[in-house]
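Participant: This is upload.csv, which holds CSV, C-alpha atoms:
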chain,number,residue,atom,x,y,z
A,1,MET,CA,99.0,110.4,65.3
A,2,ASP,CA,97.6,107.0,64.4
A,3,ALA,CA,100.5,106.5,61.9
A,4,ALA,CA,103.1,107.5,64.6
A,5,GLU,CA,101.6,105.1,67.1
A,6,GLY,CA,101.4,102.4,64.5
A,7,VAL,CA,105.1,102.7,63.5
A,8,LEU,CA,106.1,102.9,67.2
A,9,VAL,CA,104.2,99.8,68.2
A,10,ALA,CA,104.7,97.6,65.1
A,11,GLU,CA,108.3,98.5,64.2
A,12,GLY,CA,109.8,100.0,67.4
A,13,GLY,CA,111.3,103.2,68.5
A,14,ALA,CA,114.4,102.9,66.3
A,15,GLU,CA,112.1,102.9,63.2
A,16,LEU,CA,110.0,105.9,64.4
A,17,THR,CA,111.5,108.4,62.0
A,18,MET,CA,109.7,111.4,60.5
A,19,ARG,CA,110.0,109.8,57.1
A,20,ALA,CA,108.5,106.5,58.3
A,21,VAL,CA,105.6,108.3,59.9
A,22,ALA,CA,104.9,110.5,56.9
A,23,ALA,CA,105.0,107.5,54.7
A,24,ALA,CA,102.6,105.5,57.0
A,25,ALA,CA,100.3,108.5,57.1
A,26,GLY,CA,100.4,109.1,53.4
A,27,VAL,CA,101.5,112.7,53.7
A,28,ARG,CA,104.6,114.6,52.5
A,29,LEU,CA,107.5,114.9,55.0
A,30,GLY,CA,107.3,118.7,54.9
A,31,HIS,CA,103.6,118.5,55.9
A,32,LEU,CA,104.3,116.4,58.9
A,33,GLN,CA,107.2,118.6,59.9
A,34,TYR,CA,105.0,121.6,59.7
A,35,TYR,CA,102.9,120.2,62.6
A,36,PHE,CA,105.8,118.4,64.4
A,37,PRO,CA,109.1,120.2,63.7
A,38,THR,CA,111.2,117.6,65.6
A,39,HIS,CA,111.1,114.0,66.4
A,40,ALA,CA,110.7,114.9,70.1
A,41,ASP,CA,107.7,117.1,69.2
A,42,LEU,CA,106.1,114.0,67.5
A,43,VAL,CA,106.8,111.7,70.5
A,44,ALA,CA,105.5,114.4,72.9
A,45,ALA,CA,102.2,114.6,70.9
A,46,VAL,CA,101.9,110.8,71.0
A,47,LEU,CA,102.4,110.9,74.8
A,48,GLU,CA,99.9,113.7,75.2
A,49,ARG,CA,97.3,111.9,73.2
A,50,VAL,CA,97.8,108.7,75.3
A,51,LEU,CA,97.5,110.7,78.5
A,52,ARG,CA,94.4,112.5,77.2
A,53,ARG,CA,92.7,109.2,76.2
A,54,SER,CA,93.5,107.7,79.6
A,55,ALA,CA,92.2,110.8,81.4
A,56,GLU,CA,89.0,110.6,79.4
A,57,ARG,CA,88.5,107.0,80.4
A,58,LEU,CA,89.2,107.9,84.1
A,59,ALA,CA,87.2,111.2,84.0
A,60,PRO,CA,84.0,109.7,85.4
A,61,LEU,CA,85.9,108.2,88.3
A,62,LEU,CA,88.0,111.3,88.9
A,63,ALA,CA,85.2,113.8,88.8
A,64,PRO,CA,85.0,115.8,92.1
A,65,ASP,CA,81.3,114.9,92.6
A,66,THR,CA,82.1,111.1,92.7
A,67,ASP,CA,84.5,111.6,95.6
A,68,THR,CA,81.8,111.7,98.3
A,69,GLU,CA,81.5,108.1,99.5
A,70,ALA,CA,83.1,107.1,102.7
A,71,ASP,CA,86.2,104.9,102.7
A,72,THR,CA,85.0,102.2,104.9
A,73,ASP,CA,86.6,99.3,103.0
A,74,PRO,CA,89.6,100.5,100.9
A,75,ILE,CA,89.5,97.3,98.8
A,76,ASP,CA,85.8,97.5,98.0
A,77,THR,CA,85.6,97.8,94.2
A,78,THR,CA,82.7,100.2,94.4
A,79,ASP,CA,85.0,102.7,96.1
A,80,THR,CA,86.2,105.4,93.7
A,81,THR,CA,89.8,104.9,94.7
A,82,ALA,CA,89.7,101.2,94.1
A,83,ALA,CA,88.0,101.8,90.8
A,84,VAL,CA,90.7,104.2,89.7
A,85,VAL,CA,93.4,101.7,90.6
A,86,ALA,CA,91.5,98.9,88.8
A,87,ALA,CA,91.1,101.1,85.7
A,88,LEU,CA,94.8,102.0,85.6
A,89,LEU,CA,95.8,98.3,86.0
A,90,ALA,CA,93.3,97.3,83.3
A,91,GLU,CA,95.1,99.6,80.8
A,92,GLN,CA,98.2,97.3,81.4
A,93,GLU,CA,96.3,94.5,79.7
A,94,ASP,CA,96.4,96.4,76.4
A,95,ARG,CA,99.6,94.9,74.9
A,96,ARG,CA,99.7,97.7,72.3
A,97,LEU,CA,99.8,100.4,74.9
A,98,VAL,CA,102.4,98.5,77.0
A,99,ARG,CA,104.5,98.1,73.8
A,100,LEU,CA,104.1,101.8,73.0
A,101,PHE,CA,105.4,102.8,76.5
A,102,THR,CA,108.4,100.4,76.5
A,103,GLU,CA,109.4,101.8,73.1
A,104,VAL,CA,109.0,105.4,74.3
A,105,TRP,CA,111.1,104.6,77.4
A,106,ALA,CA,113.8,103.2,75.3
A,107,LEU,CA,113.8,106.3,73.0
A,108,ALA,CA,114.0,108.5,76.1
A,109,ALA,CA,117.1,106.7,77.3
A,110,ARG,CA,118.9,107.7,74.2
A,111,ASP,CA,117.4,111.1,73.3
A,112,ALA,CA,117.4,114.0,75.7
A,113,ALA,CA,114.5,115.8,73.9
A,114,VAL,CA,112.3,112.7,74.0
A,115,ALA,CA,113.3,112.2,77.7
A,116,GLY,CA,112.0,115.8,78.3
A,117,ALA,CA,108.7,114.9,76.7
A,118,VAL,CA,108.5,111.8,78.8
A,119,ARG,CA,109.2,113.8,82.0
A,120,ARG,CA,106.5,116.3,81.0
A,121,PHE,CA,104.0,113.4,80.4
A,122,TYR,CA,104.7,111.9,83.8
A,123,ASP,CA,104.7,115.3,85.5
A,124,GLY,CA,101.1,115.7,84.2
A,125,TYR,CA,100.2,112.2,85.3
A,126,ARG,CA,101.6,112.8,88.7
A,127,GLU,CA,99.7,116.2,89.0
A,128,GLN,CA,96.4,114.4,88.1
A,129,VAL,CA,97.0,111.9,90.9
A,130,ALA,CA,98.0,114.6,93.3
A,131,ALA,CA,94.8,116.5,92.5
A,132,PHE,CA,92.8,113.4,93.1
A,133,LEU,CA,94.5,112.9,96.4
A,134,GLY,CA,93.8,116.5,97.3
A,135,ARG,CA,90.1,116.0,96.9
A,136,ARG,CA,90.1,112.6,98.6
A,137,ARG,CA,92.5,113.5,101.4
A,138,PRO,CA,92.4,117.3,102.0
A,139,GLY,CA,94.3,116.9,105.2
A,140,LEU,CA,97.5,115.8,103.5
A,141,SER,CA,100.1,118.4,103.0
A,142,GLU,CA,101.1,119.4,99.4
A,143,ALA,CA,104.5,117.8,99.9
A,144,GLU,CA,102.9,114.5,101.1
A,145,ARG,CA,100.4,114.5,98.2
A,146,GLN,CA,103.2,115.0,95.7
A,147,ALA,CA,105.3,112.3,97.3
A,148,ARG,CA,102.4,109.8,97.3
A,149,ALA,CA,101.4,110.7,93.8
A,150,GLY,CA,105.0,110.2,92.6
A,151,VAL,CA,105.4,106.8,94.2
A,152,PHE,CA,101.9,105.8,93.0
A,153,VAL,CA,102.9,106.6,89.4
A,154,MET,CA,106.2,104.8,89.7
A,155,LEU,CA,104.4,101.7,91.2
A,156,ILE,CA,101.7,101.6,88.5
A,157,GLU,CA,104.0,102.3,85.6
A,158,GLY,CA,106.7,99.9,86.8
A,159,ALA,CA,104.1,97.2,87.3
A,160,SER,CA,103.3,97.3,83.6
A,161,LEU,CA,106.6,95.6,82.8
A,162,PHE,CA,105.8,92.7,85.0
A,163,ARG,CA,102.1,92.4,84.6
A,164,SER,CA,102.4,92.5,80.8
A,165,GLY,CA,104.7,89.5,80.7
A,166,LEU,CA,107.7,91.5,79.5
A,167,ALA,CA,109.7,91.2,82.7
A,168,GLY,CA,107.7,88.6,84.6
A,169,GLU,CA,104.3,87.0,84.9
A,170,ARG,CA,101.2,88.2,86.5
A,171,ALA,CA,100.3,86.4,89.7
A,172,PRO,CA,97.2,86.8,91.8
A,173,ARG,CA,99.1,87.2,95.1
A,174,THR,CA,101.4,89.8,93.6
A,175,ASP,CA,98.4,91.6,92.0
A,176,ALA,CA,96.6,91.7,95.4
A,177,THR,CA,99.7,93.2,97.1
A,178,LEU,CA,100.1,95.7,94.2
A,179,VAL,CA,96.5,96.8,94.7
A,180,ARG,CA,96.8,97.1,98.4
A,181,THR,CA,100.0,99.1,98.1
A,182,ALA,CA,98.4,101.4,95.5
A,183,LEU,CA,95.3,101.9,97.7
A,184,ASP,CA,97.5,102.6,100.7
A,185,LEU,CA,99.3,105.4,98.7
A,186,LEU,CA,95.9,107.0,97.8
A,187,GLY,CA,94.4,106.3,101.2
A,188,PRO,CA,94.8,108.0,104.6
Write the structure described by the file as structure tokens, please.

Facilitator:
Amino acid sequence: MDAAEGVLVAEGGAELTMRAVAAAAGVRLGHLQYYFPTHADLVAAVLERVLRRSAERLAPLLAPDTDTEADTDPIDTTDTTAAVVAALLAEQEDRRLVRLFTEVWALAARDAAVAGAVRRFYDGYREQVAAFLGRRRPGLSEAERQARAGVFVMLIEGASLFRSGLAGERAPRTDATLVRTALDLLGP
């Protein structure tokens, strides 16, 4: 997995071949294909690993027993919701992670199997946000939780292109509006 991420980030999605990953990992191609029969399987495993690492970093914030404080000031950084938003935005400061996602998005645009893996990744991400919303805002309907979670994921993921410097530059005023909008989606 480290070799696949390394090839993807250093050389780009076009160079993410089974042969290149096997060579980078120092294993035979057949051995790699035993565990990842297709290119899409390999990309899916990379995405699952990234989501798992992110979930592990967020786990202390997302745990049900941390959702008990009152939402008196939604921008207070001690609030769980604000801490989750801050943690997700902090991940966008990891240039390697941003590069990995931009390369995967480009692969998904050209490969239906990779696009399926990307959709499954984002479905899982959206479900995690919807579950968080369900604990924080139990009065929301399932449809409203899903809609808010979907827009939240789009907002955070789309912001990575601009906040990373790829499509724009970070600006304090824009970041403040981004945080308020994200908090509104997770709020009442």

Participant: For Glu103 of chain A, which residue among A:Arg148, A:Gly13, A:Phe132, A:Val7 is the nearest when counting all atoms listed in the file?

Facilitator: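 Under the stated criterion, the closest residue is A:Gly13.
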
Participant: From the options A:Val85, A:Gly158, A:Pro138, A:Ser164, which residue's atoms come nearest to Ala176 of chain A, counting only C-alpha atoms?

Facilitator: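 Of A:Val85, A:Gly158, A:Pro138, A:Ser164, the one nearest Ala176 of chain A is A:Val85, counting only C-alpha atoms.
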
Participant: Can you work out the spacing between atom CA of Arg52 of chain A and atom CA of Tyr122 of chain A in Å, to one decimal?

Facilitator: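 If I compute the distance from atom CA of Arg52 of chain A to atom CA of Tyr122 of chain A, I get 12.2 Å.
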
Participant: Between A:Leu42, A:Val98, A:Ala131, A:Leu186, which residue has the minimum interatomic distance to Gly165 of chain A, considering all atoms listed in the file?

Facilitator: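 So, comparing all the options, the nearest one is A:Val98.
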
Participant: Smallest atom-to-atom distance to Tyr125 of chain A: which of A:Ala25, A:Ala14, A:Ala143, A:Leu58, using only C-alpha atoms?

Facilitator: A:Leu58

Participant: Could you check which of A:Ala83, A:Leu97, A:Ala113, A:Leu133 is closest to Val9 of chain A, using all atoms listed in the file?

Facilitator: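 That would be A:Leu97, the residue with the smallest distance to Val9 of chain A.
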
Participant: One decimal, in Å: what's the spacing between atom CA of Arg96 of chain A and atom CA of Ile156 of chain A?

Facilitator: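 So the two atoms, atom CA of Arg96 of chain A and atom CA of Ile156 of chain A, lie 16.8 Å apart.
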
Participant: Rounded to one decimal, what separation in Å do you get between atom CA of Val104 of chain A and atom CA of Thr174 of chain A?

Facilitator: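 Distance reported for this atom pair: 26.0 Å.
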
Participant: Return the single residue from A:Leu100, A:Leu88, A:Ala55, A:Leu185 that is closest to Ala130 of chain A, with distances computed using all atoms listed in the file.

Facilitator: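 Comparing A:Leu100, A:Leu88, A:Ala55, A:Leu185 against Ala130 of chain A, the winner is A:Leu185.
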
Participant: Pick out the residues sitting within 10 Å of segment 19-23 of chain A, and hand them over as a PyMOL selection string; count all atoms listed in the file, and ignore anything fewer than 6 positions along from it in its own chain.

Facilitator: chain A and resi 1-8+11+29-33+42

Participant: Could you name the residues that touch segment 39-41 of chain A at 9 Å or less, counting only C-alpha atoms, but leaving out those on the same chain fewer than 4 positions away, as a list in words?

Facilitator: Leu16, Thr17, Met18, Gln33, Tyr35, Ala45, Val46, Asp111, Ala112, Ala113, Val114, Ala115, Gly116 and Ala117 of chain A

Participant: Is there a way to complete segment 110-133 of chain A with N, CA, C and O atoms and then write that out as a short mmCIF file (atom, residue, chain, number, x, y, z; two decimals), in the coordinates of the input?

Facilitator:
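The resulting file, rebuild00.cif, is shown below:
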data_model
loop_
_atom_site.label_atom_id
_atom_site.label_comp_id
_atom_site.auth_asym_id
_atom_site.auth_seq_id
_atom_site.Cartn_x
_atom_site.Cartn_y
_atom_site.Cartn_z
N ARG A 110 117.88 107.33 75.12
CA ARG A 110 118.90 107.70 74.20
C ARG A 110 118.77 109.15 73.64
O ARG A 110 119.67 109.66 72.98
N ASP A 111 117.64 109.79 73.89
CA ASP A 111 117.40 111.10 73.30
C ASP A 111 116.90 112.06 74.36
O ASP A 111 115.81 111.88 74.91
N ALA A 112 117.70 113.07 74.66
CA ALA A 112 117.40 114.00 75.70
C ALA A 112 116.07 114.76 75.47
O ALA A 112 115.30 115.03 76.41
N ALA A 113 115.78 115.08 74.22
CA ALA A 113 114.50 115.80 73.90
C ALA A 113 113.32 114.89 74.15
O ALA A 113 112.30 115.34 74.69
N VAL A 114 113.43 113.62 73.78
CA VAL A 114 112.30 112.70 74.00
C VAL A 114 112.21 112.47 75.55
O VAL A 114 111.10 112.41 76.09
N ALA A 115 113.35 112.39 76.26
CA ALA A 115 113.30 112.20 77.70
C ALA A 115 112.56 113.42 78.34
O ALA A 115 111.79 113.24 79.29
N GLY A 116 112.76 114.61 77.82
CA GLY A 116 112.00 115.80 78.30
C GLY A 116 110.53 115.63 78.11
O GLY A 116 109.74 115.97 78.99
N ALA A 117 110.15 115.12 76.94
CA ALA A 117 108.70 114.90 76.70
C ALA A 117 108.15 113.85 77.61
O ALA A 117 107.02 113.99 78.10
N VAL A 118 108.92 112.81 77.88
CA VAL A 118 108.50 111.80 78.80
C VAL A 118 108.32 112.33 80.21
O VAL A 118 107.33 112.06 80.90
N ARG A 119 109.28 113.14 80.64
CA ARG A 119 109.20 113.80 82.00
C ARG A 119 107.93 114.66 82.06
O ARG A 119 107.21 114.63 83.07
N ARG A 120 107.67 115.43 81.02
CA ARG A 120 106.50 116.30 81.00
C ARG A 120 105.20 115.43 81.10
O ARG A 120 104.25 115.77 81.81
N PHE A 121 105.19 114.32 80.37
CA PHE A 121 104.00 113.40 80.40
C PHE A 121 103.82 112.91 81.84
O PHE A 121 102.71 112.98 82.37
N TYR A 122 104.89 112.43 82.47
CA TYR A 122 104.70 111.90 83.80
C TYR A 122 104.50 112.97 84.86
O TYR A 122 103.83 112.73 85.86
N ASP A 123 104.99 114.18 84.62
CA ASP A 123 104.70 115.30 85.50
C ASP A 123 103.15 115.54 85.49
O ASP A 123 102.52 115.75 86.53
N GLY A 124 102.57 115.51 84.29
CA GLY A 124 101.10 115.70 84.20
C GLY A 124 100.34 114.59 84.82
O GLY A 124 99.32 114.83 85.49
N TYR A 125 100.79 113.37 84.65
CA TYR A 125 100.20 112.20 85.30
C TYR A 125 100.22 112.34 86.79
O TYR A 125 99.22 112.19 87.49
N ARG A 126 101.41 112.68 87.30
CA ARG A 126 101.60 112.80 88.70
C ARG A 126 100.67 113.95 89.27
O ARG A 126 100.06 113.81 90.33
N GLU A 127 100.55 115.04 88.54
CA GLU A 127 99.70 116.20 89.00
C GLU A 127 98.23 115.73 89.02
O GLU A 127 97.49 116.16 89.90
N GLN A 128 97.79 114.89 88.07
CA GLN A 128 96.40 114.40 88.10
C GLN A 128 96.18 113.55 89.35
O GLN A 128 95.15 113.66 90.01
N VAL A 129 97.15 112.70 89.67
CA VAL A 129 97.00 111.90 90.90
C VAL A 129 97.05 112.74 92.13
O VAL A 129 96.27 112.53 93.05
N ALA A 130 97.93 113.74 92.15
CA ALA A 130 98.00 114.60 93.30
C ALA A 130 96.71 115.40 93.50
O ALA A 130 96.24 115.58 94.63
N ALA A 131 96.09 115.83 92.41
CA ALA A 131 94.80 116.50 92.50
C ALA A 131 93.72 115.60 93.04
O ALA A 131 92.90 115.99 93.88
N PHE A 132 93.72 114.37 92.56
CA PHE A 132 92.80 113.40 93.10
C PHE A 132 92.98 113.17 94.56
O PHE A 132 92.03 113.16 95.34
N LEU A 133 94.24 113.04 94.97
CA LEU A 133 94.50 112.90 96.40
C LEU A 133 94.10 114.11 97.19
O LEU A 133 93.60 113.98 98.31
#
